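Okay, final_9.pdb now, which holds PDB, C-alpha atoms:
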ATOM      1  CA  MET A   1     -70.764   3.115  40.956
ATOM      2  CA  LEU A   2     -71.013  -0.212  42.817
ATOM      3  CA  LEU A   3     -74.431  -1.564  43.720
ATOM      4  CA  SER A   4     -75.474  -1.862  47.359
ATOM      5  CA  GLY A   5     -75.501  -5.225  49.131
ATOM      6  CA  VAL A   6     -79.298  -5.505  49.139
ATOM      7  CA  THR A   7     -79.507  -4.567  45.477
ATOM      8  CA  ILE A   8     -76.865  -7.163  44.606
ATOM      9  CA  VAL A   9     -78.915  -9.965  46.181
ATOM     10  CA  VAL A  10     -82.017  -8.905  44.249
ATOM     11  CA  VAL A  11     -80.117  -8.596  40.979
ATOM     12  CA  MET A  12     -78.487 -12.024  41.361
ATOM     13  CA  PHE A  13     -81.853 -13.746  41.516
ATOM     14  CA  MET A  14     -83.697 -11.625  38.974
ATOM     15  CA  VAL A  15     -81.353 -10.639  36.152
ATOM     16  CA  THR A  16     -80.961 -13.156  33.371
ATOM     17  CA  LEU A  17     -77.980 -13.376  31.058
ATOM     18  CA  ALA A  18     -79.905 -11.897  28.126
ATOM     19  CA  CYS A  19     -81.161  -8.965  30.220
ATOM     20  CA  TRP A  20     -77.709  -8.284  31.622
ATOM     21  CA  VAL A  21     -76.070  -8.374  28.181
ATOM     22  CA  GLU A  22     -78.757  -6.017  26.878
ATOM     23  CA  SER A  23     -78.128  -3.541  29.697
ATOM     24  CA  TRP A  24     -74.360  -3.854  29.168
ATOM     25  CA  ILE A  25     -74.789  -2.977  25.493
ATOM     26  CA  GLU A  26     -76.882   0.059  26.376
ATOM     27  CA  ARG A  27     -74.270   1.292  28.846
ATOM     28  CA  ARG A  28     -71.561   0.955  26.198
ATOM     29  CA  SER A  29     -73.556   2.531  23.369
ATOM     30  CA  ILE A  30     -72.085   5.984  24.037
ATOM     31  CA  ARG A  31     -68.474   4.791  23.869
ATOM     32  CA  LEU A  32     -68.558   2.334  20.983
ATOM     33  CA  ALA A  33     -69.119   2.833  17.259
ATOM     34  CA  PRO A  34     -72.753   2.498  16.092
ATOM     35  CA  SER A  35     -71.782  -0.412  13.830
ATOM     36  CA  THR A  36     -70.265  -2.255  16.810
ATOM     37  CA  ILE A  37     -73.381  -1.710  18.916
ATOM     38  CA  SER A  38     -75.532  -2.891  16.017
ATOM     39  CA  GLY A  39     -73.461  -6.073  15.773
ATOM     40  CA  TYR A  40     -73.767  -6.679  19.513
ATOM     41  CA  ARG A  41     -77.535  -6.268  19.379
ATOM     42  CA  GLY A  42     -77.712  -8.659  16.447
ATOM     43  CA  SER A  43     -75.769 -11.310  18.387
ATOM     44  CA  LEU A  44     -78.050 -10.815  21.402
ATOM     45  CA  ARG A  45     -81.181 -11.084  19.282
ATOM     46  CA  LYS A  46     -80.095 -14.075  17.161
ATOM     47  CA  TYR A  47     -78.075 -16.227  19.529
ATOM     48  CA  ILE A  48     -78.240 -15.215  23.195
ATOM     49  CA  ALA A  49     -81.881 -14.320  23.845
ATOM     50  CA  PRO A  50     -83.374 -17.402  22.080
ATOM     51  CA  SER A  51     -81.037 -19.796  23.922
ATOM     52  CA  PRO A  52     -82.200 -21.432  27.182
ATOM     53  CA  VAL A  53     -78.989 -20.087  28.703
ATOM     54  CA  GLY A  54     -80.156 -16.558  27.922
ATOM     55  CA  SER A  55     -83.013 -16.921  30.434
ATOM     56  CA  MET A  56     -80.792 -18.232  33.233
ATOM     57  CA  PRO A  57     -79.985 -15.992  36.245
ATOM     58  CA  LEU A  58     -76.399 -14.779  36.247
ATOM     59  CA  ASP A  59     -75.439 -16.531  39.490
ATOM     60  CA  GLN A  60     -76.619 -19.910  38.203
ATOM     61  CA  ILE A  61     -74.594 -19.962  34.983
ATOM     62  CA  ALA A  62     -71.732 -22.463  34.860
ATOM     63  CA  PRO A  63     -69.036 -22.883  32.205
ATOM     64  CA  GLU A  64     -70.956 -25.878  30.830
ATOM     65  CA  ASP A  65     -73.958 -23.641  30.191
ATOM     66  CA  LEU A  66     -71.864 -21.247  28.136
ATOM     67  CA  ILE A  67     -70.603 -24.189  26.101
ATOM     68  CA  VAL A  68     -74.259 -25.073  25.480
ATOM     69  CA  LEU A  69     -74.785 -21.478  24.309
ATOM     70  CA  LEU A  70     -71.891 -21.610  21.834
ATOM     71  CA  SER A  71     -72.240 -25.193  20.578
ATOM     72  CA  PRO A  72     -75.234 -24.702  18.219
ATOM     73  CA  ILE A  73     -73.500 -21.739  16.579
ATOM     74  CA  LEU A  74     -70.302 -23.715  16.123
ATOM     75  CA  GLY A  75     -72.319 -26.702  14.909
ATOM     76  CA  LYS A  76     -73.497 -24.631  11.955
ATOM     77  CA  GLY A  77     -69.933 -23.685  11.128
ATOM     78  CA  TYR A  78     -70.413 -20.062  12.210
ATOM     79  CA  THR A  79     -67.069 -19.784  13.971
ATOM     80  CA  ARG A  80     -66.826 -16.010  13.632
ATOM     81  CA  GLN A  81     -70.326 -15.493  15.050
ATOM     82  CA  ALA A  82     -69.530 -17.862  17.939
ATOM     83  CA  GLN A  83     -66.326 -15.940  18.586
ATOM     84  CA  LEU A  84     -68.207 -12.639  18.710
ATOM     85  CA  VAL A  85     -70.868 -14.065  21.053
ATOM     86  CA  GLN A  86     -68.118 -15.311  23.365
ATOM     87  CA  ILE A  87     -66.437 -11.909  23.349
ATOM     88  CA  LEU A  88     -69.734 -10.126  24.061
ATOM     89  CA  VAL A  89     -70.898 -12.445  26.848
ATOM     90  CA  GLY A  90     -67.408 -12.532  28.353
ATOM     91  CA  ALA A  91     -67.228  -8.739  28.500
ATOM     92  CA  ALA A  92     -70.695  -8.488  30.044
ATOM     93  CA  LEU A  93     -69.863 -11.123  32.690
ATOM     94  CA  ARG A  94     -66.588  -9.412  33.586
ATOM     95  CA  ASP A  95     -68.588  -6.246  34.139
ATOM     96  CA  ALA A  96     -70.941  -8.190  36.420
ATOM     97  CA  VAL A  97     -67.899  -9.281  38.434
ATOM     98  CA  ARG A  98     -66.726  -5.671  38.731
ATOM     99  CA  GLN A  99     -70.205  -4.704  39.912
ATOM    100  CA  ARG A 100     -69.985  -7.539  42.500
ATOM    101  CA  ILE A 101     -73.115  -9.133  41.129
ATOM    102  CA  ILE A 102     -71.327 -12.442  40.619
ATOM    103  CA  PRO A 103     -68.062 -13.537  42.292
ATOM    104  CA  TRP A 104     -66.391 -14.767  39.091
ATOM    105  CA  SER A 105     -67.006 -15.126  35.359
ATOM    106  CA  PRO A 106     -67.694 -18.686  34.166
ATOM    107  CA  MET A 107     -66.517 -17.629  30.701
ATOM    108  CA  GLU A 108     -62.954 -17.672  32.054
ATOM    109  CA  CYS A 109     -63.171 -21.469  32.118
ATOM    110  CA  VAL A 110     -64.374 -21.799  28.510
ATOM    111  CA  ASP A 111     -61.782 -22.328  25.789
ATOM    112  CA  LYS A 112     -61.565 -19.489  23.309
ATOM    113  CA  VAL A 113     -63.344 -20.060  20.022
ATOM    114  CA  ARG A 114     -60.883 -20.234  17.157
ATOM    115  CA  HIS A 115     -61.741 -18.635  13.853
ATOM    116  CA  ARG A 116     -59.533 -18.713  10.792
ATOM    117  CA  SER A 117     -60.472 -15.818   8.555
ATOM    118  CA  GLN A 118     -60.346 -16.317   4.812
ATOM    119  CA  MET A 119     -58.175 -13.998   2.799
ATOM    120  CA  THR A 120     -60.130 -11.500   0.714
ATOM    121  CA  PRO A 121     -59.591 -12.164  -3.013
ATOM    122  CA  TRP A 122     -57.779  -9.400  -4.876
ATOM    123  CA  LEU A 123     -56.712  -8.468  -8.395
ATOM    124  CA  THR A 124     -53.168  -8.665  -9.655
ATOM    125  CA  PRO A 125     -51.653  -5.376 -10.871
ATOM    126  CA  ASP A 126     -52.400  -6.339 -14.501
ATOM    127  CA  GLN A 127     -55.993  -7.277 -13.657
ATOM    128  CA  ALA A 128     -56.514  -4.072 -11.664
ATOM    129  CA  ALA A 129     -55.205  -2.022 -14.581
ATOM    130  CA  GLU A 130     -57.545  -3.852 -16.957
ATOM    131  CA  LEU A 131     -60.531  -3.199 -14.682
ATOM    132  CA  LEU A 132     -59.790   0.534 -14.676
ATOM    133  CA  ARG A 133     -59.208   0.631 -18.446
ATOM    134  CA  ALA A 134     -62.453  -1.168 -19.203
ATOM    135  CA  ALA A 135     -64.450   0.977 -16.758
ATOM    136  CA  ARG A 136     -63.089   4.192 -18.233
ATOM    137  CA  ALA A 137     -63.719   3.059 -21.806
ATOM    138  CA  ALA A 138     -67.309   2.155 -20.926
ATOM    139  CA  ALA A 139     -67.867   5.514 -19.185
ATOM    140  CA  ASP A 140     -68.739   3.572 -16.032
ATOM    141  CA  PRO A 141     -70.445   6.046 -13.639
ATOM    142  CA  PHE A 142     -68.752   4.251 -10.738
ATOM    143  CA  TYR A 143     -65.280   4.616 -12.198
ATOM    144  CA  PRO A 144     -64.345   7.064  -9.354
ATOM    145  CA  ALA A 145     -65.119   4.308  -6.821
ATOM    146  CA  TRP A 146     -62.742   1.860  -8.501
ATOM    147  CA  LEU A 147     -60.053   4.552  -8.638
ATOM    148  CA  LEU A 148     -60.449   5.378  -4.937
ATOM    149  CA  GLY A 149     -60.369   1.727  -3.928
ATOM    150  CA  ILE A 150     -57.458   0.562  -6.066
ATOM    151  CA  CYS A 151     -55.316   3.706  -6.095
ATOM    152  CA  CYS A 152     -56.037   5.166  -2.639
ATOM    153  CA  GLY A 153     -56.990   2.099  -0.594
ATOM    154  CA  LEU A 154     -60.289   3.503   0.687
ATOM    155  CA  ARG A 155     -62.774   1.205   2.379
ATOM    156  CA  ARG A 156     -66.267   0.747   0.977
ATOM    157  CA  GLY A 157     -67.863   3.031   3.586
ATOM    158  CA  GLU A 158     -65.137   5.642   3.071
ATOM    159  CA  ILE A 159     -65.726   5.646  -0.682
ATOM    160  CA  LEU A 160     -69.475   6.098  -0.190
ATOM    161  CA  GLY A 161     -69.022   8.746   2.502
ATOM    162  CA  LEU A 162     -66.485  10.873   0.612
ATOM    163  CA  ARG A 163     -67.775  14.311  -0.329
ATOM    164  CA  TRP A 164     -66.265  16.563  -2.964
ATOM    165  CA  THR A 165     -65.481  19.003  -0.171
ATOM    166  CA  ASP A 166     -63.152  16.310   1.226
ATOM    167  CA  VAL A 167     -61.099  16.411  -1.980
ATOM    168  CA  ASP A 168     -58.413  19.076  -1.939
ATOM    169  CA  PHE A 169     -57.628  19.482  -5.620
ATOM    170  CA  ALA A 170     -55.169  22.325  -5.023
ATOM    171  CA  GLY A 171     -53.160  20.394  -2.444
ATOM    172  CA  CYS A 172     -53.789  16.987  -4.091
ATOM    173  CA  VAL A 173     -55.035  15.375  -0.876
ATOM    174  CA  LEU A 174     -58.049  13.270   0.097
ATOM    175  CA  HIS A 175     -59.358  14.049   3.590
ATOM    176  CA  VAL A 176     -60.931  10.834   4.926
ATOM    177  CA  ARG A 177     -63.223  12.079   7.676
ATOM    178  CA  ARG A 178     -66.458  10.064   7.364
ATOM    179  CA  GLN A 179     -67.970   6.823   6.161
ATOM    180  CA  LEU A 180     -71.430   5.826   4.976
ATOM    181  CA  ILE A 181     -72.476   2.421   6.328
ATOM    182  CA  ARG A 182     -75.660   0.454   6.942
ATOM    183  CA  ILE A 183     -76.629   0.131  10.601
ATOM    184  CA  ASP A 184     -79.788  -1.746  11.607
ATOM    185  CA  GLY A 185     -80.994  -1.519   8.018
ATOM    186  CA  GLN A 186     -80.470   2.242   7.738
ATOM    187  CA  LEU A 187     -77.691   4.082   5.911
ATOM    188  CA  MET A 188     -75.839   6.288   8.385
ATOM    189  CA  GLU A 189     -72.909   8.660   8.074
ATOM    190  CA  THR A 190     -70.449   8.062  10.908
ATOM    191  CA  SER A 191     -66.828   8.698  11.756
ATOM    192  CA  PRO A 192     -64.283   6.332  10.179
ATOM    193  CA  LYS A 193     -63.599   2.914  11.665
ATOM    194  CA  SER A 194     -60.840   4.038  14.043
ATOM    195  CA  LEU A 195     -58.686   7.049  14.886
ATOM    196  CA  SER A 196     -56.042   5.831  12.454
ATOM    197  CA  SER A 197     -58.707   5.685   9.741
ATOM    198  CA  VAL A 198     -59.075   9.477   9.977
ATOM    199  CA  ARG A 199     -56.289  10.333   7.586
ATOM    200  CA  ASP A 200     -55.101  12.399   4.663
ATOM    201  CA  VAL A 201     -54.297  10.372   1.563
ATOM    202  CA  PRO A 202     -52.003  11.921  -1.072
ATOM    203  CA  LEU A 203     -53.762  12.266  -4.400
ATOM    204  CA  PRO A 204     -51.485  11.961  -7.463
ATOM    205  CA  SER A 205     -52.045  14.843  -9.862
ATOM    206  CA  MET A 206     -53.131  12.531 -12.692
ATOM    207  CA  LEU A 207     -55.761  10.961 -10.446
ATOM    208  CA  ALA A 208     -56.864  14.391  -9.222
ATOM    209  CA  ASP A 209     -57.336  15.517 -12.825
ATOM    210  CA  GLN A 210     -59.523  12.508 -13.601
ATOM    211  CA  LEU A 211     -61.664  13.043 -10.504
ATOM    212  CA  ARG A 212     -62.036  16.756 -11.247
ATOM    213  CA  PHE A 213     -63.364  15.900 -14.702
ATOM    214  CA  LEU A 214     -65.922  13.498 -13.169
ATOM    215  CA  ARG A 215     -67.108  15.885 -10.467
ATOM    216  CA  GLN A 216     -70.872  16.161  -9.995
ATOM    217  CA  GLY A 217     -73.335  16.013  -7.088
ATOM    218  CA  GLU A 218     -72.463  16.282  -3.400
ATOM    219  CA  ARG A 219     -70.746  12.955  -2.889
ATOM    220  CA  VAL A 220     -68.003  11.526  -5.049
ATOM    221  CA  VAL A 221     -69.948   8.269  -5.378
ATOM    222  CA  GLN A 222     -73.734   8.210  -5.201
ATOM    223  CA  ALA A 223     -74.836   4.661  -4.335
ATOM    224  CA  THR A 224     -75.821   2.243  -1.603
ATOM    225  CA  PRO A 225     -73.354  -0.463  -0.505
ATOM    226  CA  ASP A 226     -75.320  -3.199  -2.282
ATOM    227  CA  ALA A 227     -75.700  -1.194  -5.486
ATOM    228  CA  LEU A 228     -71.987  -0.438  -5.535
ATOM    229  CA  GLN A 229     -71.105  -4.128  -5.156
ATOM    230  CA  ARG A 230     -73.433  -5.027  -8.021
ATOM    231  CA  ALA A 231     -71.756  -2.357 -10.126
ATOM    232  CA  LEU A 232     -68.346  -3.820  -9.290
ATOM    233  CA  ASP A 233     -69.556  -7.302 -10.269
ATOM    234  CA  ALA A 234     -70.603  -5.902 -13.642
ATOM    235  CA  ALA A 235     -67.323  -4.017 -14.055
ATOM    236  CA  CYS A 236     -65.301  -7.179 -13.347
ATOM    237  CA  ALA A 237     -67.348  -9.146 -15.856
ATOM    238  CA  ARG A 238     -66.902  -6.439 -18.486
ATOM    239  CA  ALA A 239     -63.148  -6.374 -17.935
ATOM    240  CA  ASP A 240     -62.987 -10.206 -17.849
ATOM    241  CA  VAL A 241     -61.208 -10.262 -14.489
ATOM    242  CA  PRO A 242     -62.072 -12.343 -11.385
ATOM    243  CA  ARG A 243     -64.992 -11.131  -9.303
ATOM    244  CA  ILE A 244     -63.900  -9.391  -6.096
ATOM    245  CA  THR A 245     -65.650  -7.575  -3.273
ATOM    246  CA  LEU A 246     -65.334  -3.864  -2.649
ATOM    247  CA  HIS A 247     -62.961  -4.691   0.200
ATOM    248  CA  GLY A 248     -60.922  -6.611  -2.342
ATOM    249  CA  LEU A 249     -60.117  -3.319  -4.046
ATOM    250  CA  ARG A 250     -58.023  -2.380  -0.981
ATOM    251  CA  HIS A 251     -56.157  -5.674  -1.207
ATOM    252  CA  SER A 252     -55.609  -5.031  -4.903
ATOM    253  CA  MET A 253     -53.869  -1.802  -3.939
ATOM    254  CA  ALA A 254     -51.641  -3.790  -1.589
ATOM    255  CA  ALA A 255     -50.815  -6.128  -4.482
ATOM    256  CA  VAL A 256     -49.672  -3.201  -6.618
ATOM    257  CA  ALA A 257     -47.782  -1.662  -3.693
ATOM    258  CA  ALA A 258     -46.003  -4.940  -2.940
ATOM    259  CA  THR A 259     -44.982  -5.327  -6.572
ATOM    260  CA  GLU A 260     -43.581  -1.798  -6.613
ATOM    261  CA  GLY A 261     -41.705  -2.203  -3.333
ATOM    262  CA  VAL A 262     -43.705   0.249  -1.194
ATOM    263  CA  PRO A 263     -42.665  -0.108   2.491
ATOM    264  CA  ILE A 264     -45.285  -1.688   4.738
ATOM    265  CA  LYS A 265     -45.248   1.245   7.171
ATOM    266  CA  VAL A 266     -46.090   3.648   4.343
ATOM    267  CA  LEU A 267     -48.913   1.421   3.159
ATOM    268  CA  GLN A 268     -50.277   1.240   6.721
ATOM    269  CA  GLU A 269     -50.546   5.028   6.788
ATOM    270  CA  ILE A 270     -52.340   5.164   3.449
ATOM    271  CA  MET A 271     -54.821   2.397   4.230
ATOM    272  CA  GLY A 272     -55.531   3.608   7.761
ATOM    273  CA  HIS A 273     -54.792   0.358   9.580
ATOM    274  CA  ALA A 274     -54.597   0.769  13.352
ATOM    275  CA  GLN A 275     -52.121  -2.093  13.686
ATOM    276  CA  TYR A 276     -48.908  -2.610  11.735
ATOM    277  CA  THR A 277     -49.567  -6.361  11.823
ATOM    278  CA  THR A 278     -52.836  -5.914   9.907
ATOM    279  CA  THR A 279     -51.010  -4.327   6.992
ATOM    280  CA  ALA A 280     -48.200  -6.856   7.243
ATOM    281  CA  ASP A 281     -50.671  -9.759   7.046
ATOM    282  CA  VAL A 282     -52.282  -8.317   3.907
ATOM    283  CA  TYR A 283     -48.913  -7.484   2.405
ATOM    284  CA  ALA A 284     -47.548 -10.951   3.124
ATOM    285  CA  HIS A 285     -50.439 -12.606   1.301
ATOM    286  CA  VAL A 286     -50.201 -10.510  -1.841
ATOM    287  CA  ASP A 287     -46.422 -10.266  -2.133
ATOM    288  CA  ARG A 288     -45.972 -13.802  -3.436
ATOM    289  CA  LYS A 289     -43.685 -12.814  -6.307
ATOM    290  CA  ALA A 290     -41.290 -11.215  -3.846
ATOM    291  CA  VAL A 291     -41.357 -14.345  -1.686
ATOM    292  CA  GLN A 292     -40.634 -16.529  -4.701
ATOM    293  CA  PHE A 293     -37.809 -14.200  -5.696
ATOM    294  CA  ALA A 294     -36.345 -14.424  -2.182
ATOM    295  CA  THR A 295     -36.358 -18.234  -2.165
ATOM    296  CA  ARG A 296     -34.730 -18.300  -5.598
ATOM    297  CA  LYS A 297     -32.009 -15.990  -4.272
ATOM    298  CA  VAL A 298     -31.367 -18.350  -1.354
ATOM    299  CA  VAL A 299     -31.218 -21.396  -3.617
ATOM    300  CA  ALA A 300     -28.842 -19.628  -5.997
ATOM    301  CA  ARG A 301     -26.593 -18.481  -3.145
ATOM    302  CA  LEU A 302     -26.354 -22.004  -1.789
ATOM    303  CA  GLU A 303     -25.637 -23.270  -5.317
ATOM    304  CA  ILE A 304     -28.416 -25.850  -5.176
ATOM    305  CA  VAL A 305     -28.857 -27.390  -8.616
TER
END
Show this structure as structure tokens.
Amino acid sequence: MLLSGVTIVVVMFMVTLACWVESWIERRSIRLAPSTISGYRGSLRKYIAPSPVGSMPLDQIAPEDLIVLLSPILGKGYTRQAQLVQILVGAALRDAVRQRIIPWSPMECVDKVRHRSQMTPWLTPDQAAELLRAARAAADPFYPAWLLGICCGLRRGEILGLRWTDVDFAGCVLHVRRQLIRIDGQLMETSPKSLSSVRDVPLPSMLADQLRFLRQGERVVQATPDALQRALDAACARADVPRITLHGLRHSMAAVAATEGVPIKVLQEIMGHAQYTTTADVYAHVDRKAVQFATRKVVARLEIV
């Protein structure tokens, strides 16, 4: 509902950027995932509210002021954080335009922050196999987590949130319906990352047999995110393979899939990516042997010696 003319005048001279962003976050808290809201509040608390620009009235903010807001973050090399602050402030200011509180958004005149994400390290198929062999031989209590990450492509939160009731041993299917993540310092069980993340993952019979043998407790993996990462560090050291993150287990699955010629669209379904391009980007990074093979084929066909 649009604000009245009198209210608009009052708001223009009283509401600061930080206050408006805070109210925007609260209004969106019902629609957005708790982890997203938590990230927005963190950006407000760490970067927007402490900045002099955060205390400026909305109608007095110019594009140059927003550059002043972003510059210290960029100066520290925090390009991703600066990008997220720009997205948050831009969305809040566009909402202020829709509410007719300000006539236009000064963020429209600020160049978009560029962030080049680093590729998550992964294990080669041989290294992944060695990790699983070493973990099984050592009776690693977190062996199910490594299986679910490497063989089924589950995310860290999905691994931690998986209950035994989500494992259909008769039908050999994993029902990914929840995740366990840390929000504002507290572990919370929420829905998966996106609608496409709610999925059924086929469970090979051999893997189902191993999980059935390891079944105990309510959840398949009993740990906190930090404890599970420490366990993975130890497992990598024991297997003498490069250290990777829990997210790197998913990329390791893509490495195996690429080597075995699994179509990208099939892998997208298994991993629960909302966008085909996300899977393609991961696949393109790990499928280096196939790329090398393709270039060799071209060179051979052209008879380059």
From (-81.0, -12.0, 33.5), in the file's coordinates, out to 7 Å: which residues are reached, counting all atoms listed in the file? Answer as a PyMOL selection string. chain A and resi 14-20+55-58
Could you pull the residues within 7 Å of Ser191 (chain A), counting all atoms listed in the file, minus those fewer than 3 positions along the same chain, as a tab-separated table (two decimals) with C-alpha atoms, in the frame of the given file?
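Dumped to out-v1.tsv:
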chain	number	residue	atom	x	y	z
A	177	ARG	CA	-63.22	12.08	7.68
A	178	ARG	CA	-66.46	10.06	7.36
A	179	GLN	CA	-67.97	6.82	6.16
Who sits within 7 Å of region 230-245 of chain A, all atoms listed in the file, same chain under 4 positions skipped, as a PyMOL selection string: chain A and resi 121-122+127+130-131+134-135+226
Saved selection, atoms kept: C-alpha atoms, as a PDB file, keeping the file's coordinate frame:
ATOM      1  CA  PRO A 121     -59.591 -12.164  -3.013  1.00  0.00           C
ATOM      2  CA  TRP A 122     -57.779  -9.400  -4.876  1.00  0.00           C
ATOM      3  CA  GLN A 127     -55.993  -7.277 -13.657  1.00  0.00           C
ATOM      4  CA  GLU A 130     -57.545  -3.852 -16.957  1.00  0.00           C
ATOM      5  CA  LEU A 131     -60.531  -3.199 -14.682  1.00  0.00           C
ATOM      6  CA  ALA A 134     -62.453  -1.168 -19.203  1.00  0.00           C
ATOM      7  CA  ALA A 135     -64.450   0.977 -16.758  1.00  0.00           C
ATOM      8  CA  ASP A 226     -75.320  -3.199  -2.282  1.00  0.00           C
TER       9      ASP A 226
END
* So, counting only C-alpha atoms, which residue among A:Ser38, A:Thr120, A:Gln216, A:Ser43 is closest to Ile87 (chain A)? ->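 Closest residue, counting only C-alpha atoms: A:Ser43.
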> When you draw a straight line from CA of Leu66 (chain A) to CA of Val53 (chain A), how long is it in Å?
Replying inline: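 Computing the Euclidean distance for CA of Leu66 (chain A) and CA of Val53 (chain A) yields 7.2 Å.
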Check: Please, what distance in Å, to one decimal, runs between CA of Thr224 (chain A) and CA of Leu84 (chain A)?
Finding: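 That distance, rounded to one decimal, is 26.3 Å.
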Around (-74.2, -23.3, 18.9) in the file's frame, which residues reach within 12 Å when counting all atoms listed in the file? Return as an mmCIF file with C-alpha atoms, keeping the file's coordinate frame?
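What landed in result.cif:
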data_model
loop_
_atom_site.group_PDB
_atom_site.id
_atom_site.type_symbol
_atom_site.label_atom_id
_atom_site.label_comp_id
_atom_site.auth_asym_id
_atom_site.auth_seq_id
_atom_site.Cartn_x
_atom_site.Cartn_y
_atom_site.Cartn_z
ATOM 1 C CA LYS A 46 -80.095 -14.075 17.161
ATOM 2 C CA TYR A 47 -78.075 -16.227 19.529
ATOM 3 C CA ILE A 48 -78.240 -15.215 23.195
ATOM 4 C CA PRO A 50 -83.374 -17.402 22.080
ATOM 5 C CA SER A 51 -81.037 -19.796 23.922
ATOM 6 C CA PRO A 52 -82.200 -21.432 27.182
ATOM 7 C CA VAL A 53 -78.989 -20.087 28.703
ATOM 8 C CA ASP A 65 -73.958 -23.641 30.191
ATOM 9 C CA LEU A 66 -71.864 -21.247 28.136
ATOM 10 C CA ILE A 67 -70.603 -24.189 26.101
ATOM 11 C CA VAL A 68 -74.259 -25.073 25.480
ATOM 12 C CA LEU A 69 -74.785 -21.478 24.309
ATOM 13 C CA LEU A 70 -71.891 -21.610 21.834
ATOM 14 C CA SER A 71 -72.240 -25.193 20.578
ATOM 15 C CA PRO A 72 -75.234 -24.702 18.219
ATOM 16 C CA ILE A 73 -73.500 -21.739 16.579
ATOM 17 C CA LEU A 74 -70.302 -23.715 16.123
ATOM 18 C CA GLY A 75 -72.319 -26.702 14.909
ATOM 19 C CA LYS A 76 -73.497 -24.631 11.955
ATOM 20 C CA GLY A 77 -69.933 -23.685 11.128
ATOM 21 C CA TYR A 78 -70.413 -20.062 12.210
ATOM 22 C CA THR A 79 -67.069 -19.784 13.971
ATOM 23 C CA ARG A 80 -66.826 -16.010 13.632
ATOM 24 C CA GLN A 81 -70.326 -15.493 15.050
ATOM 25 C CA ALA A 82 -69.530 -17.862 17.939
ATOM 26 C CA GLN A 83 -66.326 -15.940 18.586
ATOM 27 C CA VAL A 85 -70.868 -14.065 21.053
ATOM 28 C CA GLN A 86 -68.118 -15.311 23.365
ATOM 29 C CA VAL A 113 -63.344 -20.060 20.022
#
ask   = In terms of the shortest atom-to-atom distance over only C-alpha atoms, which of A:Leu246, A:Val176, A:Cys152, A:Leu228 is closest to Thr190 (chain A)?
value =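 That would be A:Val176, the residue with the smallest distance to Thr190 (chain A).
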Which residues match the PyMOL selection byres ((chain A and resi 161) around 12) in the file above, as a compact mmCIF listing (two decimals) with C-alpha atoms, in the coordinates of the input?
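selection_31.txt was written with the following content:
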# COMPACT_ATOMS: atom_id res chain seq x y z
CA ALA A 145 -65.12 4.31 -6.82
CA LEU A 148 -60.45 5.38 -4.94
CA LEU A 154 -60.29 3.50 0.69
CA ARG A 155 -62.77 1.20 2.38
CA ARG A 156 -66.27 0.75 0.98
CA GLY A 157 -67.86 3.03 3.59
CA GLU A 158 -65.14 5.64 3.07
CA ILE A 159 -65.73 5.65 -0.68
CA LEU A 160 -69.47 6.10 -0.19
CA LEU A 162 -66.48 10.87 0.61
CA ARG A 163 -67.78 14.31 -0.33
CA TRP A 164 -66.26 16.56 -2.96
CA THR A 165 -65.48 19.00 -0.17
CA ASP A 166 -63.15 16.31 1.23
CA VAL A 167 -61.10 16.41 -1.98
CA HIS A 175 -59.36 14.05 3.59
CA VAL A 176 -60.93 10.83 4.93
CA ARG A 177 -63.22 12.08 7.68
CA ARG A 178 -66.46 10.06 7.36
CA GLN A 179 -67.97 6.82 6.16
CA LEU A 180 -71.43 5.83 4.98
CA ILE A 181 -72.48 2.42 6.33
CA ARG A 182 -75.66 0.45 6.94
CA LEU A 187 -77.69 4.08 5.91
CA MET A 188 -75.84 6.29 8.38
CA GLU A 189 -72.91 8.66 8.07
CA THR A 190 -70.45 8.06 10.91
CA SER A 191 -66.83 8.70 11.76
CA PRO A 192 -64.28 6.33 10.18
CA GLU A 218 -72.46 16.28 -3.40
CA ARG A 219 -70.75 12.96 -2.89
CA VAL A 220 -68.00 11.53 -5.05
CA VAL A 221 -69.95 8.27 -5.38
CA GLN A 222 -73.73 8.21 -5.20
CA ALA A 223 -74.84 4.66 -4.34
CA THR A 224 -75.82 2.24 -1.60
CA PRO A 225 -73.35 -0.46 -0.50
